[in-house]
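For reference, entry.pdb (PDB, C-alpha atoms and all ligand atoms):
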ATOM      1  CA  MET A   1       0.000   0.000   0.000  1.00  0.00           C
ATOM      2  CA  THR A   2       1.255   3.461  -0.892  1.00  0.00           C
ATOM      3  CA  SER A   3       1.783   5.921   1.951  1.00  0.00           C
ATOM      4  CA  ILE A   4      -0.054   9.217   2.186  1.00  0.00           C
ATOM      5  CA  ALA A   5       3.238  11.063   1.741  1.00  0.00           C
ATOM      6  CA  ASP A   6       4.028   9.085  -1.410  1.00  0.00           C
ATOM      7  CA  ARG A   7       0.574   9.722  -2.881  1.00  0.00           C
ATOM      8  CA  ALA A   8       0.765  13.421  -1.990  1.00  0.00           C
ATOM      9  CA  SER A   9       4.180  13.678  -3.585  1.00  0.00           C
ATOM     10  CA  ALA A  10       2.957  11.907  -6.729  1.00  0.00           C
ATOM     11  CA  ALA A  11      -0.037  14.265  -6.952  1.00  0.00           C
ATOM     12  CA  HIS A  12       2.277  17.259  -6.599  1.00  0.00           C
ATOM     13  CA  ARG A  13       4.633  15.974  -9.301  1.00  0.00           C
ATOM     14  CA  TYR A  14       1.732  15.212 -11.632  1.00  0.00           C
ATOM     15  CA  ALA A  15       0.238  18.695 -11.182  1.00  0.00           C
ATOM     16  CA  GLU A  16       3.611  20.300 -11.942  1.00  0.00           C
ATOM     17  CA  ARG A  17       4.158  18.105 -15.013  1.00  0.00           C
ATOM     18  CA  LEU A  18       0.643  18.777 -16.338  1.00  0.00           C
ATOM     19  CA  ALA A  19       0.997  22.522 -15.781  1.00  0.00           C
ATOM     20  CA  ARG A  20       4.233  22.582 -17.795  1.00  0.00           C
ATOM     21  CA  HIS A  21       2.456  20.996 -20.772  1.00  0.00           C
ATOM     22  CA  LEU A  22      -0.745  23.040 -20.827  1.00  0.00           C
ATOM     23  CA  PRO A  23      -0.757  25.763 -23.502  1.00  0.00           C
ATOM     24  CA  ALA A  24      -1.652  28.542 -21.107  1.00  0.00           C
ATOM     25  CA  PRO A  25       0.084  31.180 -18.998  1.00  0.00           C
ATOM     26  CA  ALA A  26       1.904  29.558 -16.065  1.00  0.00           C
ATOM     27  CA  CYS A  27      -0.497  30.685 -13.357  1.00  0.00           C
ATOM     28  CA  THR A  28      -3.543  29.598 -15.389  1.00  0.00           C
ATOM     29  CA  ALA A  29      -1.931  26.243 -16.192  1.00  0.00           C
ATOM     30  CA  ALA A  30      -1.123  25.722 -12.506  1.00  0.00           C
ATOM     31  CA  ASP A  31      -4.750  26.430 -11.546  1.00  0.00           C
ATOM     32  CA  ILE A  32      -6.028  23.985 -14.156  1.00  0.00           C
ATOM     33  CA  ALA A  33      -3.518  21.303 -13.124  1.00  0.00           C
ATOM     34  CA  ARG A  34      -4.457  21.692  -9.443  1.00  0.00           C
ATOM     35  CA  THR A  35      -8.151  21.408 -10.311  1.00  0.00           C
ATOM     36  CA  THR A  36      -7.471  18.300 -12.390  1.00  0.00           C
ATOM     37  CA  VAL A  37      -5.704  16.643  -9.468  1.00  0.00           C
ATOM     38  CA  ARG A  38      -8.482  17.721  -7.063  1.00  0.00           C
ATOM     39  CA  LEU A  39     -11.101  15.968  -9.193  1.00  0.00           C
ATOM     40  CA  ALA A  40      -8.961  12.825  -9.421  1.00  0.00           C
ATOM     41  CA  VAL A  41      -8.541  12.771  -5.638  1.00  0.00           C
ATOM     42  CA  LEU A  42     -12.284  13.343  -5.154  1.00  0.00           C
ATOM     43  CA  LEU A  43     -13.025  10.381  -7.435  1.00  0.00           C
ATOM     44  CA  GLY A  44     -10.227   8.223  -6.009  1.00  0.00           C
ATOM     45  CA  ILE A  45      -8.571   7.687  -9.391  1.00  0.00           C
ATOM     46  CA  ASP A  46      -5.192   8.325 -10.965  1.00  0.00           C
ATOM     47  CA  PRO A  47      -4.948  11.957 -12.183  1.00  0.00           C
ATOM     48  CA  GLU A  48      -3.881  10.714 -15.605  1.00  0.00           C
ATOM     49  CA  HIS A  49      -7.507   9.673 -16.188  1.00  0.00           C
ATOM     50  CA  VAL A  50      -8.726  13.274 -15.855  1.00  0.00           C
ATOM     51  CA  ARG A  51      -8.170  15.396 -18.950  1.00  0.00           C
ATOM     52  CA  PRO A  52      -8.851  19.128 -19.172  1.00  0.00           C
ATOM     53  CA  ALA A  53     -10.657  20.065 -22.387  1.00  0.00           C
ATOM     54  CA  TRP A  54      -9.218  22.712 -24.594  1.00  0.00           C
ATOM     55  CA  PRO A  55     -11.934  25.191 -25.610  1.00  0.00           C
ATOM     56  CA  TRP A  56     -10.664  27.530 -22.923  1.00  0.00           C
ATOM     57  CA  GLN A  57      -7.489  28.095 -24.982  1.00  0.00           C
ATOM     58  CA  ARG A  58      -9.107  30.541 -27.368  1.00  0.00           C
ATOM     59  CA  ALA A  59     -11.140  32.236 -24.668  1.00  0.00           C
ATOM     60  CA  ALA A  60      -8.018  32.711 -22.544  1.00  0.00           C
ATOM     61  CA  ARG A  61      -6.775  35.361 -24.954  1.00  0.00           C
ATOM     62  CA  THR A  62      -9.867  37.489 -24.645  1.00  0.00           C
ATOM     63  CA  THR A  63     -11.976  36.939 -21.568  1.00  0.00           C
ATOM     64  CA  ARG A  64     -12.040  34.552 -18.649  1.00  0.00           C
ATOM     65  CA  PRO A  65     -11.127  31.056 -19.848  1.00  0.00           C
ATOM     66  CA  TYR A  66     -13.620  29.298 -17.641  1.00  0.00           C
ATOM     67  CA  PRO A  67     -15.615  27.262 -16.857  1.00  0.00           C
ATOM     68  CA  LEU A  68     -13.148  24.449 -17.278  1.00  0.00           C
ATOM     69  CA  THR A  69     -14.367  21.130 -18.697  1.00  0.00           C
ATOM     70  CA  LEU A  70     -12.743  17.952 -17.423  1.00  0.00           C
ATOM     71  CA  HIS A  71     -13.202  14.551 -19.092  1.00  0.00           C
ATOM     72  CA  VAL A  72     -12.820  11.523 -16.847  1.00  0.00           C
ATOM     73  CA  THR A  73     -12.341   7.920 -17.904  1.00  0.00           C
ATOM     74  CA  ASP A  74     -13.466   5.199 -15.534  1.00  0.00           C
ATOM     75  CA  CYS A  75     -11.031   2.424 -16.385  1.00  0.00           C
ATOM     76  CA  ALA A  76     -12.984  -0.106 -14.307  1.00  0.00           C
ATOM     77  CA  GLU A  77     -16.152   0.213 -16.376  1.00  0.00           C
ATOM     78  CA  GLY A  78     -15.021   2.088 -19.474  1.00  0.00           C
ATOM     79  CA  ALA A  79     -17.484   4.853 -18.662  1.00  0.00           C
ATOM     80  CA  GLU A  80     -16.820   8.512 -19.427  1.00  0.00           C
ATOM     81  CA  TYR A  81     -17.850  11.350 -17.155  1.00  0.00           C
ATOM     82  CA  VAL A  82     -17.671  15.044 -17.935  1.00  0.00           C
ATOM     83  CA  PHE A  83     -17.360  17.648 -15.215  1.00  0.00           C
ATOM     84  CA  ARG A  84     -17.312  21.402 -15.365  1.00  0.00           C
ATOM     85  CA  TYR A  85     -15.549  23.651 -12.888  1.00  0.00           C
ATOM     86  CA  ARG A  86     -16.586  27.276 -12.601  1.00  0.00           C
ATOM     87  CA  ASP A  87     -13.157  28.834 -12.063  1.00  0.00           C
ATOM     88  CA  PRO A  88      -9.965  26.957 -11.083  1.00  0.00           C
ATOM     89  CA  LEU A  89      -8.642  30.125  -9.457  1.00  0.00           C
ATOM     90  CA  TYR A  90     -10.966  29.277  -6.566  1.00  0.00           C
ATOM     91  CA  PRO A  91     -10.211  25.873  -5.025  1.00  0.00           C
ATOM     92  CA  ASP A  92     -13.311  25.570  -2.871  1.00  0.00           C
ATOM     93  CA  GLU A  93     -16.079  25.230  -5.438  1.00  0.00           C
ATOM     94  CA  SER A  94     -17.970  22.084  -6.331  1.00  0.00           C
ATOM     95  CA  PHE A  95     -17.657  20.273  -9.643  1.00  0.00           C
ATOM     96  CA  LEU A  96     -20.655  20.217 -11.970  1.00  0.00           C
ATOM     97  CA  LEU A  97     -21.380  16.795 -13.430  1.00  0.00           C
ATOM     98  CA  LEU A  98     -22.727  17.011 -16.951  1.00  0.00           C
ATOM     99  CA  GLY A  99     -25.618  14.721 -17.765  1.00  0.00           C
ATOM    100  CA  LEU A 100     -28.354  14.622 -20.356  1.00  0.00           C
ATOM    101  CA  CYS A 101     -31.246  17.050 -20.127  1.00  0.00           C
ATOM    102  CA  PRO A 102     -34.428  15.012 -19.582  1.00  0.00           C
ATOM    103  CA  LEU A 103     -36.166  17.050 -22.305  1.00  0.00           C
ATOM    104  CA  CYS A 104     -33.644  17.646 -25.065  1.00  0.00           C
ATOM    105  CA  ALA A 105     -30.839  15.184 -24.159  1.00  0.00           C
ATOM    106  CA  GLY A 106     -28.288  17.992 -24.413  1.00  0.00           C
ATOM    107  CA  PRO A 107     -25.204  17.761 -22.170  1.00  0.00           C
ATOM    108  CA  VAL A 108     -25.921  20.100 -19.261  1.00  0.00           C
ATOM    109  CA  PRO A 109     -24.987  20.434 -15.562  1.00  0.00           C
ATOM    110  CA  CYS A 110     -27.126  17.943 -13.631  1.00  0.00           C
ATOM    111  CA  ALA A 111     -25.381  17.677 -10.258  1.00  0.00           C
ATOM    112  CA  ASP A 112     -23.141  19.650  -7.906  1.00  0.00           C
ATOM    113  CA  ILE A 113     -20.431  17.243  -6.778  1.00  0.00           C
ATOM    114  CA  ARG A 114     -18.331  18.054  -3.716  1.00  0.00           C
ATOM    115  CA  ASP A 115     -17.410  14.504  -2.740  1.00  0.00           C
ATOM    116  CA  LEU A 116     -17.684  10.924  -3.916  1.00  0.00           C
ATOM    117  CA  ALA A 117     -20.847  10.261  -1.892  1.00  0.00           C
ATOM    118  CA  GLU A 118     -22.660  13.074  -3.724  1.00  0.00           C
ATOM    119  CA  LEU A 119     -21.758  11.457  -7.030  1.00  0.00           C
ATOM    120  CA  GLY A 120     -23.071   8.158  -5.684  1.00  0.00           C
ATOM    121  CA  THR A 121     -26.325   9.816  -4.645  1.00  0.00           C
ATOM    122  CA  TYR A 122     -26.781  11.339  -8.088  1.00  0.00           C
ATOM    123  CA  LEU A 123     -26.009   8.086  -9.888  1.00  0.00           C
ATOM    124  CA  ALA A 124     -28.454   6.180  -7.687  1.00  0.00           C
ATOM    125  CA  ARG A 125     -31.292   8.642  -8.377  1.00  0.00           C
ATOM    126  CA  ALA A 126     -30.685   9.877 -11.948  1.00  0.00           C
ATOM    127  CA  PRO A 127     -32.436  10.716 -14.074  1.00  0.00           C
ATOM    128  CA  LEU A 128     -34.610  12.827 -11.836  1.00  0.00           C
ATOM    129  CA  PRO A 129     -38.130  13.359 -13.180  1.00  0.00           C
ATOM    130  CA  LEU A 130     -39.045  16.892 -14.170  1.00  0.00           C
ATOM    131  CA  PRO A 131     -41.586  18.631 -11.931  1.00  0.00           C
ATOM    132  CA  GLU A 132     -44.927  19.337 -13.586  1.00  0.00           C
ATOM    133  CA  ASP A 133     -44.547  23.071 -13.011  1.00  0.00           C
ATOM    134  CA  GLY A 134     -41.951  23.256 -15.797  1.00  0.00           C
ATOM    135  CA  ARG A 135     -39.063  24.141 -13.499  1.00  0.00           C
ATOM    136  CA  PRO A 136     -35.876  22.079 -13.230  1.00  0.00           C
ATOM    137  CA  PRO A 137     -35.695  19.470 -10.452  1.00  0.00           C
ATOM    138  CA  ALA A 138     -34.872  21.180  -7.163  1.00  0.00           C
ATOM    139  CA  ASP A 139     -31.740  19.038  -6.757  1.00  0.00           C
ATOM    140  CA  TYR A 140     -30.262  20.260 -10.031  1.00  0.00           C
ATOM    141  CA  PRO A 141     -27.634  23.013  -9.872  1.00  0.00           C
ATOM    142  CA  ASP A 142     -28.605  26.542 -10.890  1.00  0.00           C
ATOM    143  CA  GLU A 143     -26.426  26.118 -13.976  1.00  0.00           C
ATOM    144  CA  PHE A 144     -28.876  23.561 -15.414  1.00  0.00           C
ATOM    145  CA  ASP A 145     -31.314  26.318 -16.302  1.00  0.00           C
ATOM    146  CA  ALA A 146     -30.205  28.392 -19.294  1.00  0.00           C
ATOM    147  CA  ASP A 147     -27.111  26.298 -20.024  1.00  0.00           C
ATOM    148  CA  PRO A 148     -26.005  26.576 -23.681  1.00  0.00           C
ATOM    149  CA  GLY A 149     -25.862  22.753 -23.864  1.00  0.00           C
ATOM    150  CA  HIS A 150     -29.654  22.593 -24.162  1.00  0.00           C
ATOM    151  CA  GLY A 151     -31.067  21.999 -27.642  1.00  0.00           C
ATOM    152  CA  PRO A 152     -32.501  24.971 -29.591  1.00  0.00           C
ATOM    153  CA  ALA A 153     -36.119  24.046 -28.814  1.00  0.00           C
ATOM    154  CA  CYS A 154     -35.557  23.154 -25.159  1.00  0.00           C
ATOM    155  CA  PRO A 155     -37.500  25.404 -22.742  1.00  0.00           C
ATOM    156  CA  PHE A 156     -34.453  25.429 -20.445  1.00  0.00           C
ATOM    157  CA  ARG A 157     -32.173  26.919 -23.104  1.00  0.00           C
ATOM    158  CA  GLU A 158     -30.962  30.443 -22.477  1.00  0.00           C
ATOM    159  CA  PRO A 159     -32.995  32.934 -24.512  1.00  0.00           C
ATOM    160  CA  ALA A 160     -31.010  34.374 -27.416  1.00  0.00           C
TER
HETATM  161 ZN    ZN A 201     -32.680  20.737 -22.426  1.00  0.00          ZN
END

Just give me the structure as structure tokens.
Ligand SMILES: [Zn+2]
Amino acid sequence: MTSIADRASAAHRYAERLARHLPAPACTAADIARTTVRLAVLLGIDPEHVRPAWPWQRAARTTRPYPLTLHVTDCAEGAEYVFRYRDPLYPDESFLLLGLCPLCAGPVPCADIRDLAELGTYLARAPLPLPEDGRPPADYPDEFDADPGHGPACPFREPA
């Protein structure tokens, strides 16, 4: 069994190595690398199975490059998960798990994930039925409503 110190050291080395290879300013790359390792630790997996997506590259030159999208591979089951993080500058926010909108099947934030048990709760209950009043399920994060991932005809899509 690997010691805590060894695992902490490996996480530190991985974050530094990832930050050196990200095409972003050093401080931005360090924030993204730290967030990548945080999600891996939260999920209890090797950080190499968490990959930051790259759309933020273009945005980084103009406005804020976030939210950050992180793709996760579950090697045990071959499943893929996609998380969004609002801003890696702030290390105390939850991760948003992307799931399919129950109406349009677009990839949208369906759960706030702060720890592994919250992910387990979501997976045990998803998909949540939509309330009859036309609002999103109360357990969904605020970001579900008006997310650009909704299809063009979806009532939850942000008005143009
Ligand atoms: Zn939708």

So what does the PyMOL selection byres (((chain A and resi 112-118) around 8) and not hetatm) actually pick up in this one, as a PyMOL selection string?
chain A and resi 42-43+93-97+109-111+119-122+140-141

Expected file: the selected residues, C-alpha atoms, as a JSON list (two decimals), in the coordinates of the input:
[["chain", "number", "residue", "atom", "x", "y", "z"],
["A", 42, "LEU", "CA", -12.28, 13.34, -5.15],
["A", 43, "LEU", "CA", -13.02, 10.38, -7.44],
["A", 93, "GLU", "CA", -16.08, 25.23, -5.44],
["A", 94, "SER", "CA", -17.97, 22.08, -6.33],
["A", 95, "PHE", "CA", -17.66, 20.27, -9.64],
["A", 96, "LEU", "CA", -20.66, 20.22, -11.97],
["A", 97, "LEU", "CA", -21.38, 16.80, -13.43],
["A", 109, "PRO", "CA", -24.99, 20.43, -15.56],
["A", 110, "CYS", "CA", -27.13, 17.94, -13.63],
["A", 111, "ALA", "CA", -25.38, 17.68, -10.26],
["A", 119, "LEU", "CA", -21.76, 11.46, -7.03],
["A", 120, "GLY", "CA", -23.07, 8.16, -5.68],
["A", 121, "THR", "CA", -26.32, 9.82, -4.64],
["A", 122, "TYR", "CA", -26.78, 11.34, -8.09],
["A", 140, "TYR", "CA", -30.26, 20.26, -10.03],
["A", 141, "PRO", "CA", -27.63, 23.01, -9.87]]

Please return as an NGL selection string the residues found within 12 Å of ligand ZN 201 (chain A), counting all atoms listed in the file.
:A and (98-110 or 130 or 134-136 or 143-158)

For the file shown, report as a list of chain:residue names the outcome of the PyMOL selection byres (((chain A and resi 77-80) around 12) and not hetatm) at residue level.
A:His49, A:Val50, A:Arg51, A:Leu70, A:His71, A:Val72, A:Thr73, A:Asp74, A:Cys75, A:Ala76, A:Tyr81, A:Val82, A:Phe83, A:Leu97, A:Leu98, A:Gly99

Could you turn the residues from that selection into a file that holds C-alpha atoms, as a short mmCIF file (atom, residue, chain, number, x, y, z; two decimals), in the coordinates of the input?
data_model
loop_
_atom_site.label_atom_id
_atom_site.label_comp_id
_atom_site.auth_asym_id
_atom_site.auth_seq_id
_atom_site.Cartn_x
_atom_site.Cartn_y
_atom_site.Cartn_z
CA HIS A 49 -7.51 9.67 -16.19
CA VAL A 50 -8.73 13.27 -15.86
CA ARG A 51 -8.17 15.40 -18.95
CA LEU A 70 -12.74 17.95 -17.42
CA HIS A 71 -13.20 14.55 -19.09
CA VAL A 72 -12.82 11.52 -16.85
CA THR A 73 -12.34 7.92 -17.90
CA ASP A 74 -13.47 5.20 -15.53
CA CYS A 75 -11.03 2.42 -16.39
CA ALA A 76 -12.98 -0.11 -14.31
CA TYR A 81 -17.85 11.35 -17.16
CA VAL A 82 -17.67 15.04 -17.93
CA PHE A 83 -17.36 17.65 -15.22
CA LEU A 97 -21.38 16.80 -13.43
CA LEU A 98 -22.73 17.01 -16.95
CA GLY A 99 -25.62 14.72 -17.76
#

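Going from CA of Arg125 (chain A) over to CA of Gly44 (chain A), you cover 21.2 Å.
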
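In this model, the gap between CA of Arg86 (chain A) and CA of Thr36 (chain A) comes to 12.8 Å.
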
I'd like to know which of A:Ala126, A:Ala53, A:Leu68, A:Val41 is closest to Arg7 (chain A), using all atoms listed in the file.
A:Val41

What's the separation between CA of Leu22 (chain A) and CA of Ala40 (chain A), in Å to one decimal place?
17.4 Å

Quick one: everything within 7 Å of Val37 (chain A), counting all atoms listed in the file, minus sequence neighbours fewer than 2 positions away in the same chain. Send it as a PyMOL selection string.
chain A and resi 11+15+33-35+39-41+47

Go through the shown structure with the PyMOL selection byres (((chain A and resi 89) around 10) and not hetatm) and write out the matching residues as a count of residues only.
15
